[in-house]
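Source file: work06.txt. Holds: compact mmCIF, C-alpha atoms.
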# COMPACT_ATOMS: atom_id res chain seq x y z
CA MET A 28 0.00 0.00 0.00
CA VAL A 29 1.30 3.46 -0.92
CA ASP A 30 1.75 5.81 2.03
CA HIS A 31 -0.03 9.13 1.44
CA THR A 32 0.94 10.69 4.75
CA THR A 33 3.21 13.34 3.26
CA GLN A 34 0.58 14.51 0.80
CA LEU A 35 -2.13 14.61 3.46
CA THR A 36 -0.02 16.58 5.95
CA GLN A 37 0.58 19.18 3.26
CA VAL A 38 -3.06 19.88 2.52
CA LEU A 39 -4.78 19.18 5.84
CA PRO A 40 -3.92 21.92 8.35
CA PHE A 41 -5.55 19.99 11.21
CA TRP A 42 -3.04 17.13 10.85
CA GLU A 43 -0.93 18.60 13.67
CA ARG A 44 -3.94 18.50 15.99
CA LEU A 45 -4.71 14.83 15.45
CA ALA A 46 -3.75 12.08 17.88
CA ALA A 47 -1.73 9.14 16.53
CA SER A 48 -4.84 6.93 16.39
CA GLN A 49 -6.75 9.61 14.46
CA ARG A 50 -3.90 9.95 11.97
CA SER A 51 -3.97 6.20 11.41
CA LEU A 52 -7.72 6.26 10.91
CA LEU A 53 -7.27 8.96 8.28
CA THR A 54 -4.45 7.29 6.35
CA ASP A 55 -5.98 3.81 6.63
CA ASN A 56 -9.18 5.14 5.04
CA THR A 57 -7.55 7.12 2.26
CA MET A 58 -6.90 5.52 -1.09
CA GLU A 59 -5.71 6.61 -4.51
CA ILE A 60 -8.41 6.93 -7.10
CA ARG A 61 -8.07 7.84 -10.76
CA TYR A 62 -10.68 9.48 -12.93
CA PHE A 63 -10.34 9.63 -16.68
CA LYS A 64 -11.07 12.87 -18.52
CA GLY A 65 -14.82 13.38 -18.87
CA MET A 66 -15.80 10.96 -16.10
CA ILE A 67 -18.52 12.01 -13.67
CA VAL A 68 -16.95 11.91 -10.23
CA SER A 69 -20.11 12.73 -8.33
CA SER A 70 -23.69 13.71 -9.15
CA THR A 71 -27.18 13.71 -7.69
CA GLU A 72 -27.41 9.93 -7.77
CA ASN A 73 -24.04 9.38 -6.18
CA GLU A 74 -23.25 12.46 -4.20
CA CYS A 75 -21.44 11.39 -1.08
CA ILE A 76 -18.38 9.50 -2.20
CA GLY A 77 -15.78 10.99 0.16
CA VAL A 78 -13.37 13.88 0.53
CA LEU A 79 -11.07 14.19 -2.49
CA THR A 80 -7.58 15.64 -2.39
CA ILE A 81 -6.43 16.43 -5.92
CA ILE A 82 -2.89 15.25 -6.71
CA GLU A 83 -2.79 15.62 -10.51
CA GLY A 84 -5.27 16.84 -13.11
CA GLY A 85 -8.37 18.84 -12.31
CA LEU A 86 -12.07 18.68 -11.55
CA ARG A 87 -14.91 20.95 -12.64
CA VAL A 88 -17.89 21.48 -10.37
CA LEU A 89 -21.07 22.37 -12.22
CA MET A 90 -24.82 22.61 -12.04
CA ARG A 91 -26.84 20.78 -14.65
CA SER A 92 -30.42 21.72 -15.53
CA PRO A 93 -33.10 19.16 -16.39
CA ASP A 94 -32.69 20.07 -20.09
CA GLY A 95 -28.91 19.61 -20.03
CA ARG A 96 -27.62 23.17 -19.65
CA GLU A 97 -24.49 23.46 -17.56
CA ILE A 98 -23.11 26.20 -15.35
CA THR A 99 -19.49 25.93 -14.25
CA LEU A 100 -19.31 26.86 -10.58
CA TYR A 101 -15.59 26.44 -9.95
CA ARG A 102 -12.56 24.31 -10.74
CA LEU A 103 -10.27 22.32 -8.48
CA LYS A 104 -6.55 21.95 -9.14
CA PRO A 105 -3.74 19.90 -7.59
CA GLY A 106 -3.50 20.66 -3.86
CA ASP A 107 -7.20 21.54 -3.61
CA VAL A 108 -9.57 19.52 -1.46
CA CYS A 109 -13.06 18.76 -2.77
CA ILE A 110 -15.64 18.82 0.00
CA LEU A 111 -18.85 18.89 -2.04
CA SER A 112 -18.13 15.28 -3.00
CA ALA A 113 -18.79 14.65 0.69
CA SER A 114 -21.71 17.04 1.09
CA CYS A 115 -23.54 14.67 3.44
CA LEU A 116 -20.90 15.63 6.01
CA LEU A 117 -22.17 19.21 5.94
CA HIS A 118 -25.60 19.18 7.52
CA ASN A 119 -26.76 22.35 5.83
CA ILE A 120 -25.78 21.54 2.28
CA THR A 121 -28.88 20.44 0.42
CA PHE A 122 -28.21 21.19 -3.22
CA ASP A 123 -26.99 19.03 -6.04
CA VAL A 124 -23.91 19.61 -8.08
CA THR A 125 -22.12 17.48 -10.62
CA ILE A 126 -18.37 16.99 -10.36
CA GLU A 127 -16.59 16.05 -13.56
CA ALA A 128 -12.97 15.17 -14.29
CA GLU A 129 -11.81 17.87 -16.67
CA GLU A 130 -8.54 16.06 -17.25
CA ASP A 131 -7.19 12.65 -16.29
CA THR A 132 -7.10 13.11 -12.54
CA LEU A 133 -5.31 11.41 -9.69
CA SER A 134 -6.78 12.03 -6.27
CA LEU A 135 -6.79 10.71 -2.73
CA ARG A 136 -10.23 9.74 -1.53
CA THR A 137 -10.90 9.67 2.20
CA GLY A 138 -13.97 7.68 3.15
CA ILE A 139 -17.08 9.36 4.55
CA ALA A 140 -17.28 7.27 7.72
CA ALA A 141 -13.70 7.98 8.75
CA TRP A 142 -14.00 11.70 8.02
CA GLN A 143 -17.30 11.87 9.90
CA HIS A 144 -15.68 10.13 12.85
CA LEU A 145 -12.84 12.66 12.88
CA GLN A 146 -15.28 15.58 12.54
CA ASN A 147 -17.21 14.31 15.53
CA GLU A 148 -14.07 13.97 17.58
CA SER A 149 -12.34 17.15 16.54
CA LEU A 150 -13.74 20.62 16.08
CA TYR A 151 -10.62 21.37 14.03
CA VAL A 152 -11.64 18.85 11.37
CA GLU A 153 -15.19 20.20 11.27
CA ASN A 154 -13.78 23.72 11.11
CA PHE A 155 -11.67 22.72 8.09
CA SER A 156 -14.66 21.21 6.25
CA LEU A 157 -16.80 24.26 6.94
CA ARG A 158 -14.09 26.69 5.89
CA LEU A 159 -13.65 24.83 2.62
CA ALA A 160 -17.38 24.95 1.95
CA VAL A 161 -17.52 28.68 2.72
CA SER A 162 -14.65 29.37 0.37
CA ARG A 163 -16.51 27.48 -2.41
CA PHE A 164 -19.52 29.63 -1.57
CA SER A 165 -17.44 32.63 -2.58
CA ASP A 166 -16.42 30.94 -5.83
CA VAL A 167 -20.03 30.17 -6.65
CA MET A 168 -21.14 33.73 -5.95
CA TRP A 169 -18.44 34.96 -8.29
CA ALA A 170 -19.61 32.56 -11.01
CA MET A 171 -23.17 33.73 -10.44
CA GLU A 172 -22.21 37.40 -10.71
CA GLN A 173 -20.37 36.71 -13.96
CA LEU A 174 -23.28 34.81 -15.32
CA LEU A 175 -26.04 37.16 -14.34
CA PHE A 176 -24.43 40.49 -14.73
CA SER A 177 -21.74 40.06 -17.33
CA ARG A 178 -22.55 40.56 -21.00
CA LEU A 179 -22.47 37.54 -23.27
CA ASP A 180 -19.65 38.92 -25.46
CA ARG A 181 -17.48 39.28 -22.37
CA ARG A 182 -18.38 35.82 -21.08
CA ILE A 183 -17.49 34.19 -24.40
CA ALA A 184 -14.26 36.18 -24.73
CA ALA A 185 -13.26 35.24 -21.16
CA PHE A 186 -14.03 31.59 -21.85
CA LEU A 187 -12.00 31.50 -25.07
CA PHE A 188 -9.03 33.09 -23.29
CA ASP A 189 -9.34 30.71 -20.39
CA GLU A 190 -9.47 27.66 -22.64
CA SER A 191 -6.62 28.75 -24.88
CA THR A 192 -4.44 29.52 -21.85
CA LYS A 193 -5.23 26.14 -20.35
CA THR A 194 -4.47 24.18 -23.50
CA GLY A 195 -1.62 26.42 -24.65
CA SER A 196 -3.17 26.66 -28.13
CA ASP A 197 -4.94 29.39 -30.09
CA CYS A 198 -7.53 26.85 -31.19
CA VAL A 199 -10.42 26.08 -28.93
CA ASN A 200 -11.65 22.73 -30.16
CA LEU A 201 -15.18 22.82 -28.86
CA THR A 202 -18.52 23.03 -30.61
CA HIS A 203 -20.74 26.09 -30.21
CA GLU A 204 -23.10 23.88 -28.24
CA ARG A 205 -20.34 22.98 -25.80
CA ILE A 206 -19.19 26.61 -25.46
CA ALA A 207 -22.81 27.58 -24.78
CA SER A 208 -22.94 25.01 -21.98
CA TYR A 209 -19.78 26.42 -20.44
CA VAL A 210 -20.89 30.06 -20.55
CA GLY A 211 -24.45 29.24 -19.49
CA SER A 212 -26.20 30.46 -22.60
CA ALA A 213 -28.13 29.07 -25.56
CA ARG A 214 -26.31 27.67 -28.60
CA GLU A 215 -28.06 30.11 -30.95
CA ALA A 216 -26.93 33.12 -28.93
CA VAL A 217 -23.36 31.86 -28.79
CA SER A 218 -23.26 31.11 -32.53
CA ARG A 219 -24.55 34.59 -33.29
CA MET A 220 -21.95 36.19 -31.05
CA LEU A 221 -19.13 34.07 -32.50
CA LYS A 222 -20.16 35.09 -36.01
CA GLN A 223 -19.94 38.69 -34.90
CA PHE A 224 -16.49 38.03 -33.43
CA GLU A 225 -15.50 36.52 -36.79
CA ALA A 226 -16.87 39.48 -38.69
CA GLU A 227 -14.77 41.78 -36.53
CA GLY A 228 -11.65 39.68 -37.17
CA PHE A 229 -11.25 38.44 -33.59
CA VAL A 230 -11.65 34.75 -34.38
CA ALA A 231 -12.00 32.31 -37.28
CA LEU A 232 -14.76 29.72 -37.08
CA GLN A 233 -13.67 26.23 -38.04
CA ARG A 234 -15.28 22.86 -38.15
CA GLY A 235 -15.71 21.84 -34.51
CA GLY A 236 -13.80 24.76 -33.08
CA VAL A 237 -12.80 28.40 -32.85
CA ALA A 238 -9.37 29.83 -33.66
CA ILE A 239 -8.32 33.03 -31.92
CA ILE A 240 -6.92 35.44 -34.54
CA ASN A 241 -6.64 38.72 -32.70
CA ARG A 242 -6.02 38.20 -28.99
CA GLU A 243 -5.61 41.90 -28.30
CA SER A 244 -9.07 42.88 -29.58
CA LEU A 245 -10.62 40.01 -27.71
CA ARG A 246 -8.83 41.08 -24.55
CA LYS A 247 -10.28 44.58 -24.85
CA LEU A 248 -13.74 43.09 -24.40
CA LEU A 249 -12.73 41.95 -20.94
CA GLN A 250 -11.94 45.42 -19.65
CA MET B 18 -30.31 48.73 29.46
CA VAL B 19 -32.57 45.91 28.27
CA ASP B 20 -31.24 42.43 28.97
CA HIS B 21 -31.19 40.29 25.82
CA THR B 22 -29.77 37.20 27.45
CA THR B 23 -32.90 35.08 27.01
CA GLN B 24 -33.16 35.85 23.32
CA LEU B 25 -29.48 35.18 22.72
CA THR B 26 -29.48 31.85 24.56
CA GLN B 27 -32.35 30.72 22.35
CA VAL B 28 -30.61 31.36 19.04
CA LEU B 29 -26.94 30.80 19.86
CA PRO B 30 -26.27 27.09 20.45
CA PHE B 31 -22.74 27.80 21.69
CA TRP B 32 -24.07 29.81 24.67
CA GLU B 33 -23.74 26.74 26.91
CA ARG B 34 -20.06 26.46 26.01
CA LEU B 35 -19.16 30.04 26.94
CA ALA B 36 -17.49 30.99 30.21
CA ALA B 37 -19.18 33.65 32.36
CA SER B 38 -16.77 36.34 31.14
CA GLN B 39 -17.46 35.41 27.50
CA ARG B 40 -21.21 35.60 28.09
CA SER B 41 -20.79 39.07 29.56
CA LEU B 42 -18.67 40.17 26.62
CA LEU B 43 -21.43 38.98 24.28
CA THR B 44 -24.35 40.63 26.08
CA ASP B 45 -22.41 43.83 26.80
CA ASN B 46 -21.70 44.20 23.10
CA THR B 47 -25.19 43.42 21.86
CA MET B 48 -27.72 46.20 21.37
CA GLU B 49 -31.17 46.58 19.92
CA ILE B 50 -31.30 48.15 16.51
CA ARG B 51 -34.33 49.02 14.41
CA TYR B 52 -34.49 49.25 10.66
CA PHE B 53 -37.44 50.79 8.88
CA LYS B 54 -38.96 49.06 5.85
CA GLY B 55 -36.82 49.70 2.77
CA MET B 56 -33.67 50.69 4.65
CA ILE B 57 -30.35 49.29 3.46
CA VAL B 58 -28.90 47.39 6.42
CA SER B 59 -25.60 46.55 4.77
CA SER B 60 -24.04 46.93 1.32
CA THR B 61 -20.67 47.06 -0.41
CA GLU B 62 -19.78 50.38 1.19
CA ASN B 63 -20.77 49.32 4.67
CA GLU B 64 -20.53 45.59 4.79
CA CYS B 65 -19.28 44.65 8.22
CA ILE B 66 -21.72 46.06 10.72
CA GLY B 67 -22.06 43.08 13.07
CA VAL B 68 -23.99 39.86 13.59
CA LEU B 69 -27.75 40.47 13.51
CA THR B 70 -30.30 38.34 15.35
CA ILE B 71 -33.77 39.07 13.97
CA ILE B 72 -36.44 39.60 16.63
CA GLU B 73 -39.30 41.04 14.56
CA GLY B 74 -39.79 41.81 10.87
CA GLY B 75 -37.56 40.46 8.14
CA LEU B 76 -34.52 41.10 5.96
CA ARG B 77 -33.91 40.35 2.29
CA VAL B 78 -30.40 39.52 1.09
CA LEU B 79 -29.81 40.35 -2.54
CA MET B 80 -27.21 40.93 -5.22
CA ARG B 81 -27.33 44.17 -7.16
CA SER B 82 -25.77 44.57 -10.58
CA PRO B 83 -24.03 47.77 -11.72
CA ASP B 84 -27.12 48.64 -13.79
CA GLY B 85 -29.52 48.18 -10.86
CA ARG B 86 -30.89 44.68 -11.45
CA GLU B 87 -31.55 42.74 -8.27
CA ILE B 88 -31.50 39.05 -7.45
CA THR B 89 -33.07 37.93 -4.19
CA LEU B 90 -30.76 35.36 -2.59
CA TYR B 91 -32.70 34.57 0.58
CA ARG B 92 -34.83 36.05 3.33
CA LEU B 93 -34.29 36.14 7.10
CA LYS B 94 -37.17 35.90 9.57
CA PRO B 95 -37.49 36.25 13.36
CA GLY B 96 -35.12 33.80 15.08
CA ASP B 97 -32.66 33.81 12.16
CA VAL B 98 -29.12 35.08 12.57
CA CYS B 99 -27.58 37.16 9.78
CA ILE B 100 -23.90 36.42 9.34
CA LEU B 101 -23.26 38.08 5.96
CA SER B 102 -23.68 41.44 7.71
CA ALA B 103 -20.44 40.41 9.44
CA SER B 104 -18.72 38.86 6.44
CA CYS B 105 -15.32 40.23 7.45
CA LEU B 106 -15.42 37.59 10.20
CA LEU B 107 -15.40 34.86 7.55
CA HIS B 108 -11.99 34.83 5.93
CA ASN B 109 -13.11 33.21 2.75
CA ILE B 110 -16.13 35.35 1.98
CA THR B 111 -15.16 37.84 -0.66
CA PHE B 112 -18.37 38.77 -2.40
CA ASP B 113 -20.73 41.66 -1.97
CA VAL B 114 -24.37 41.43 -1.10
CA THR B 115 -26.92 44.03 -0.12
CA ILE B 116 -29.13 43.45 2.91
CA GLU B 117 -32.40 45.34 2.97
CA ALA B 118 -35.15 45.59 5.59
CA GLU B 119 -38.20 44.12 3.89
CA GLU B 120 -40.42 45.19 6.79
CA ASP B 121 -39.89 47.32 9.87
CA THR B 122 -37.37 45.15 11.65
CA LEU B 123 -36.16 44.84 15.21
CA SER B 124 -32.86 43.04 15.65
CA LEU B 125 -30.04 42.52 18.09
CA ARG B 126 -26.70 43.61 16.75
CA THR B 127 -23.55 42.07 18.23
CA GLY B 128 -20.42 44.09 17.50
CA ILE B 129 -17.71 42.75 15.22
CA ALA B 130 -14.85 43.11 17.71
CA ALA B 131 -16.63 41.16 20.45
CA TRP B 132 -17.73 38.41 18.06
CA GLN B 133 -14.24 38.16 16.59
CA HIS B 134 -12.81 37.89 20.10
CA LEU B 135 -15.20 35.03 20.91
CA GLN B 136 -14.43 33.30 17.60
CA ASN B 137 -10.73 33.47 18.36
CA GLU B 138 -11.27 32.01 21.80
CA SER B 139 -13.81 29.34 20.90
CA LEU B 140 -14.04 27.04 17.90
CA TYR B 141 -17.69 26.53 18.86
CA VAL B 142 -18.37 30.15 17.99
CA GLU B 143 -16.33 30.07 14.80
CA ASN B 144 -17.98 26.85 13.67
CA PHE B 145 -21.40 28.37 14.38
CA SER B 146 -20.56 31.31 12.09
CA LEU B 147 -19.28 28.96 9.40
CA ARG B 148 -22.31 26.67 9.65
CA LEU B 149 -24.60 29.64 9.22
CA ALA B 150 -22.69 30.72 6.13
CA VAL B 151 -22.82 27.19 4.70
CA SER B 152 -26.56 27.05 5.22
CA ARG B 153 -26.93 30.36 3.33
CA PHE B 154 -24.80 28.79 0.61
CA SER B 155 -27.59 26.25 0.17
CA ASP B 156 -30.21 29.01 -0.01
CA VAL B 157 -28.20 30.85 -2.63
CA MET B 158 -27.77 27.72 -4.74
CA TRP B 159 -31.52 27.20 -4.62
CA ALA B 160 -32.11 30.80 -5.73
CA MET B 161 -29.59 30.31 -8.51
CA GLU B 162 -31.25 27.12 -9.72
CA GLN B 163 -34.62 28.85 -9.79
CA LEU B 164 -33.20 31.76 -11.65
CA LEU B 165 -31.18 29.91 -14.22
CA PHE B 166 -33.27 26.91 -14.89
CA SER B 167 -36.82 27.92 -14.16
CA ARG B 168 -38.96 29.43 -16.88
CA LEU B 169 -39.98 33.07 -16.55
CA ASP B 170 -43.73 32.29 -16.42
CA ARG B 171 -43.10 30.02 -13.46
CA ARG B 172 -40.85 32.55 -11.73
CA ILE B 173 -43.45 35.30 -12.04
CA ALA B 174 -46.29 33.01 -10.93
CA ALA B 175 -44.25 31.89 -7.91
CA PHE B 176 -43.43 35.47 -7.03
CA LEU B 177 -47.07 36.61 -7.26
CA PHE B 178 -48.16 33.73 -5.02
CA ASP B 179 -45.42 34.45 -2.56
CA GLU B 180 -46.27 38.14 -2.34
CA SER B 181 -50.00 37.62 -2.06
CA THR B 182 -49.50 35.03 0.68
CA LYS B 183 -47.19 37.35 2.56
CA THR B 184 -49.53 40.35 2.39
CA GLY B 185 -52.73 38.33 2.68
CA SER B 186 -54.19 40.13 -0.34
CA ASP B 187 -54.95 39.16 -3.95
CA CYS B 188 -53.45 42.44 -5.10
CA VAL B 189 -49.72 42.69 -5.55
CA ASN B 190 -49.05 46.40 -5.43
CA LEU B 191 -45.76 46.52 -7.24
CA THR B 192 -44.79 47.96 -10.61
CA HIS B 193 -43.63 45.69 -13.42
CA GLU B 194 -40.19 47.18 -12.96
CA ARG B 195 -40.14 46.13 -9.31
CA ILE B 196 -41.45 42.63 -10.10
CA ALA B 197 -38.73 42.31 -12.74
CA SER B 198 -36.12 43.19 -10.11
CA TYR B 199 -37.45 40.52 -7.79
CA VAL B 200 -37.56 37.74 -10.39
CA GLY B 201 -34.24 38.77 -11.92
CA SER B 202 -35.50 39.63 -15.37
CA ALA B 203 -35.99 42.68 -17.59
CA ARG B 204 -39.07 44.88 -17.23
CA GLU B 205 -40.05 44.36 -20.87
CA ALA B 206 -40.02 40.57 -20.51
CA VAL B 207 -42.08 40.72 -17.33
CA SER B 208 -44.64 43.12 -18.85
CA ARG B 209 -45.00 40.84 -21.85
CA MET B 210 -45.53 37.81 -19.64
CA LEU B 211 -48.02 39.64 -17.40
CA LYS B 212 -50.00 40.70 -20.47
CA GLN B 213 -50.12 37.05 -21.48
CA PHE B 214 -51.30 36.10 -17.97
CA GLU B 215 -54.02 38.74 -18.32
CA ALA B 216 -55.06 37.46 -21.71
CA GLU B 217 -55.41 33.98 -20.21
CA GLY B 218 -57.54 35.36 -17.36
CA PHE B 219 -55.03 34.61 -14.60
CA VAL B 220 -54.55 38.22 -13.49
CA ALA B 221 -55.83 41.74 -14.08
CA LEU B 222 -53.30 44.49 -14.64
CA GLN B 223 -54.00 47.65 -12.69
CA ARG B 224 -52.26 50.96 -12.24
CA GLY B 225 -49.19 50.19 -10.11
CA GLY B 226 -50.09 46.58 -9.45
CA VAL B 227 -51.35 43.15 -10.40
CA ALA B 228 -54.57 41.51 -9.14
CA ILE B 229 -54.72 37.73 -9.04
CA ILE B 230 -58.01 36.61 -10.62
CA ASN B 231 -57.59 32.87 -11.04
CA ARG B 232 -55.28 31.41 -8.40
CA GLU B 233 -55.86 27.85 -9.56
CA SER B 234 -54.63 28.43 -13.12
CA LEU B 235 -51.65 30.33 -11.81
CA ARG B 236 -50.86 27.49 -9.43
CA LYS B 237 -50.84 25.01 -12.31
CA LEU B 238 -47.86 26.86 -13.76
CA LEU B 239 -45.86 25.94 -10.67
CA GLN B 240 -46.23 22.20 -11.15
As structure tokens, the full file:
Amino acid sequence: MVDHTTQLTQVLPFWERLAASQRSLLTDNTMEIRYFKGMIVSSTENECIGVLTIIEGGLRVLMRSPDGREITLYRLKPGDVCILSASCLLHNITFDVTIEAEEDTLSLRTGIAAWQHLQNESLYVENFSLRLAVSRFSDVMWAMEQLLFSRLDRRIAAFLFDESTKTGSDCVNLTHERIASYVGSAREAVSRMLKQFEAEGFVALQRGGVAIINRESLRKLLQ
Amino acid sequence: MVDHTTQLTQVLPFWERLAASQRSLLTDNTMEIRYFKGMIVSSTENECIGVLTIIEGGLRVLMRSPDGREITLYRLKPGDVCILSASCLLHNITFDVTIEAEEDTLSLRTGIAAWQHLQNESLYVENFSLRLAVSRFSDVMWAMEQLLFSRLDRRIAAFLFDESTKTGSDCVNLTHERIASYVGSAREAVSRMLKQFEAEGFVALQRGGVAIINRESLRKLLQ
């Protein structure tokens, strides 16, 4: 069995406060788990799978409407701890989110029962879980502000930048439908806006993707 | 000076855990404060006024866009404790909300310095603050789901029901502009929808308000 102690001590500030038996409980109930790109880590049907510490890759936390629209709430990167995959540990969390592997992801999963046990025994562990949830609250409010109050041209420009930075390429290989899902709008509206971007020389529309032609003009939209 | 000890013990579960000196610090730094209907209790400019325990009346917590649109996030009623009016106490809260008195409201305000002192001394107090914030997180997610994924006809119908239940009258005395603010839409879209409701015999449009004519038909929209 691989020992994950070093990784856990780095991300869990309450480690210092735990007794030896509590540390063993934590490490004994933590295992490596891999998610392939595109896999659903957690959703309404399967929402309380454990606390995930991201080692490599990344997760996207999103809301999905009955008709399939998606709203990205926030992203988790290596070193982040995912608490909404263990939302049953937080008495007051009663909403559903979907967590998706955005890349091939390696994580450490700590089981619900062990974490619950530690939370019951230590206010420091509960404090950590609550703090994490509150900090995601801030992320979600930011996403909501962007979505509700930011103009569509700005949202699309920001998304294209974000994607191209992440992939290190000027080509964003996603359909208009997919981009619409990411920016929380309808495909028709996104297609119309992208055509306008093309007409203004910001991008070139290609089969199954968008190529950024003039980054500077696109960046001006974000100001 | 009025003694608020009884009221505080009822709403603050950590009271039992406080030492005598901590209890005194809490009561000595808690005062009655009244807000008249429509008053802004807290906003971006004045966001950290203290922890508010609602005794009578009610508060509405909302987001306001630069162009004046409003999104209702949740409401607080007697017995509720408002923690976002003390968001500086929560390290990870970095967003701005506006808190408005929806009715004439009597509350107990506990000062920031005293609360911070108690939080530093007791994890029970800090975890109480965090739990409150996490439970508001749930409320906000619910509001967001309604807003993003619920159809406008349903949102307006739900709002009219809500208002008429609250006031005990079939007449909702609010302008279309105001209703649009509440349901997070544009005035034009709301006016169009209300005209359609009128055409279908659900409501009658009056100067400065909307009268509910056929509650049953309106209710069907909510299913």
Each side padded by 3 Å, which centre and which edge lengths in Å (one decimal) define the axis-aligned box around the listed atoms of region 204-221 of chain A? Give them as lines of an AutoDock Vina configuration file.
center_x = -23.6
center_y = 29.6
center_z = -26.4
size_x = 15.0
size_y = 19.2
size_z = 19.8
As a compact mmCIF listing (two decimals) with C-alpha atoms, in the coordinates of the input, could you give me every residue of chain A near chain B (at most 9 Å apart, counting only C-alpha atoms)?
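This is the output file part29.txt:
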# COMPACT_ATOMS: atom_id res chain seq x y z
CA MET A 90 -24.82 22.61 -12.04
CA ARG A 91 -26.84 20.78 -14.65
CA SER A 92 -30.42 21.72 -15.53
CA PRO A 93 -33.10 19.16 -16.39
CA ASP A 94 -32.69 20.07 -20.09
CA ARG A 96 -27.62 23.17 -19.65
CA ILE A 98 -23.11 26.20 -15.35
CA LEU A 117 -22.17 19.21 5.94
CA HIS A 118 -25.60 19.18 7.52
CA ASN A 119 -26.76 22.35 5.83
CA ILE A 120 -25.78 21.54 2.28
CA THR A 121 -28.88 20.44 0.42
CA PHE A 122 -28.21 21.19 -3.22
CA ASP A 123 -26.99 19.03 -6.04
CA LEU A 150 -13.74 20.62 16.08
CA TYR A 151 -10.62 21.37 14.03
CA GLU A 153 -15.19 20.20 11.27
CA ASN A 154 -13.78 23.72 11.11
CA LEU A 157 -16.80 24.26 6.94
CA ARG A 158 -14.09 26.69 5.89
CA LEU A 159 -13.65 24.83 2.62
CA ALA A 160 -17.38 24.95 1.95
CA VAL A 161 -17.52 28.68 2.72
CA SER A 162 -14.65 29.37 0.37
CA ARG A 163 -16.51 27.48 -2.41
CA PHE A 164 -19.52 29.63 -1.57
CA SER A 165 -17.44 32.63 -2.58
CA ASP A 166 -16.42 30.94 -5.83
CA VAL A 167 -20.03 30.17 -6.65
CA MET A 168 -21.14 33.73 -5.95
CA TRP A 169 -18.44 34.96 -8.29
CA MET A 171 -23.17 33.73 -10.44
CA GLU A 172 -22.21 37.40 -10.71
CA LEU A 175 -26.04 37.16 -14.34
CA PHE A 176 -24.43 40.49 -14.73
CA GLY A 211 -24.45 29.24 -19.49
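Separating CA of Leu179 (chain A) from CA of Leu232 (chain A) is a distance of 17.6 Å.
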**OP:** Pick out the residues sitting within 10 Å of region 33-35 of chain B, and hand them over as a list of chain:residue names; count only C-alpha atoms, and ignore anything fewer than 3 positions along from it in its own chain.
**Re:**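 Answer for this query is B:Thr26, B:Leu29, B:Pro30, B:Ser38, B:Gln39, B:Arg40, B:Ser41, B:Leu43, B:Leu135, B:Glu138, B:Ser139, B:Tyr141, B:Val142.
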Selection from above, C-alpha atoms, as a PDB file, keeping the file's coordinate frame, can you write it?
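Produced file out.pdb, reproduced below:
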ATOM      1  CA  THR B  26     -29.480  31.850  24.560  1.00  0.00           C
ATOM      2  CA  LEU B  29     -26.940  30.800  19.860  1.00  0.00           C
ATOM      3  CA  PRO B  30     -26.270  27.090  20.450  1.00  0.00           C
ATOM      4  CA  SER B  38     -16.770  36.340  31.140  1.00  0.00           C
ATOM      5  CA  GLN B  39     -17.460  35.410  27.500  1.00  0.00           C
ATOM      6  CA  ARG B  40     -21.210  35.600  28.090  1.00  0.00           C
ATOM      7  CA  SER B  41     -20.790  39.070  29.560  1.00  0.00           C
ATOM      8  CA  LEU B  43     -21.430  38.980  24.280  1.00  0.00           C
ATOM      9  CA  LEU B 135     -15.200  35.030  20.910  1.00  0.00           C
ATOM     10  CA  GLU B 138     -11.270  32.010  21.800  1.00  0.00           C
ATOM     11  CA  SER B 139     -13.810  29.340  20.900  1.00  0.00           C
ATOM     12  CA  TYR B 141     -17.690  26.530  18.860  1.00  0.00           C
ATOM     13  CA  VAL B 142     -18.370  30.150  17.990  1.00  0.00           C
TER      14      VAL B 142
END
**OP:** Show me as an MDAnalysis selection string the residues that reach within 7 Å of (-15.5, 12.0, -1.7), counting all atoms listed in the file and using the file's own coordinates.
**Re:** chainID A and resid 75:79 112:113 136:139
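Here CA of Ser191 (chain A) is placed at a distance of 8.4 Å from CA of Ile239 (chain A).
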**OP:** For Glu120 (chain B), list every protein, DNA or RNA residue within 8 Å, evaluated using all atoms listed in the file, and leave out those in the same chain fewer than 3 positions away; present the list as JSON, numbers by chain.
**Re:** {"B": [53, 54, 55, 74, 75, 76]}
**OP:** One decimal, Å: what's the distance from CA of Asn200 (chain A) over to CA of Val68 (chain A), could you say?
**Re:**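 Going from CA of Asn200 (chain A) over to CA of Val68 (chain A) covers 23.3 Å.
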Subject >> Minimum-distance residue to Ile116 (chain B), chosen among B:Arg92, B:His134, B:Arg171, B:Arg77 (using all atoms listed in the file) >> reply: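 Closest residue, counting all atoms listed in the file: B:Arg77.
If all atoms listed in the file are the atoms counted, then among B:Val227, B:Leu93, B:Glu73, B:Thr122 the closest residue to Arg51 (chain B) is B:Thr122.
Using all atoms listed in the file for every distance, the candidate list B:Ser198, B:Gln133, B:Thr89, B:Thr182 yields B:Thr89 as the residue closest to Ala160 (chain B).
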Subject >> Contacts of region 216-222 of chain A at 12 Å (all atoms listed in the file; same-chain gap of 5+ positions) as number ranges by chain >> reply: A: 178-184, 186-187, 202-211, 227-233, 236-239, 245
Do a neighbour search on Val88 (chain A) at 6 Å with all atoms listed in the file, toss out local chain neighbours closer than 4 positions, and write the hits as a compact mmCIF listing (two decimals) with C-alpha atoms, keeping the file's coordinate frame.
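Wrote around_15.txt, looks like this:
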# COMPACT_ATOMS: atom_id res chain seq x y z
CA LEU A 100 -19.31 26.86 -10.58
CA TYR A 101 -15.59 26.44 -9.95
CA THR A 125 -22.12 17.48 -10.62
CA ILE A 126 -18.37 16.99 -10.36
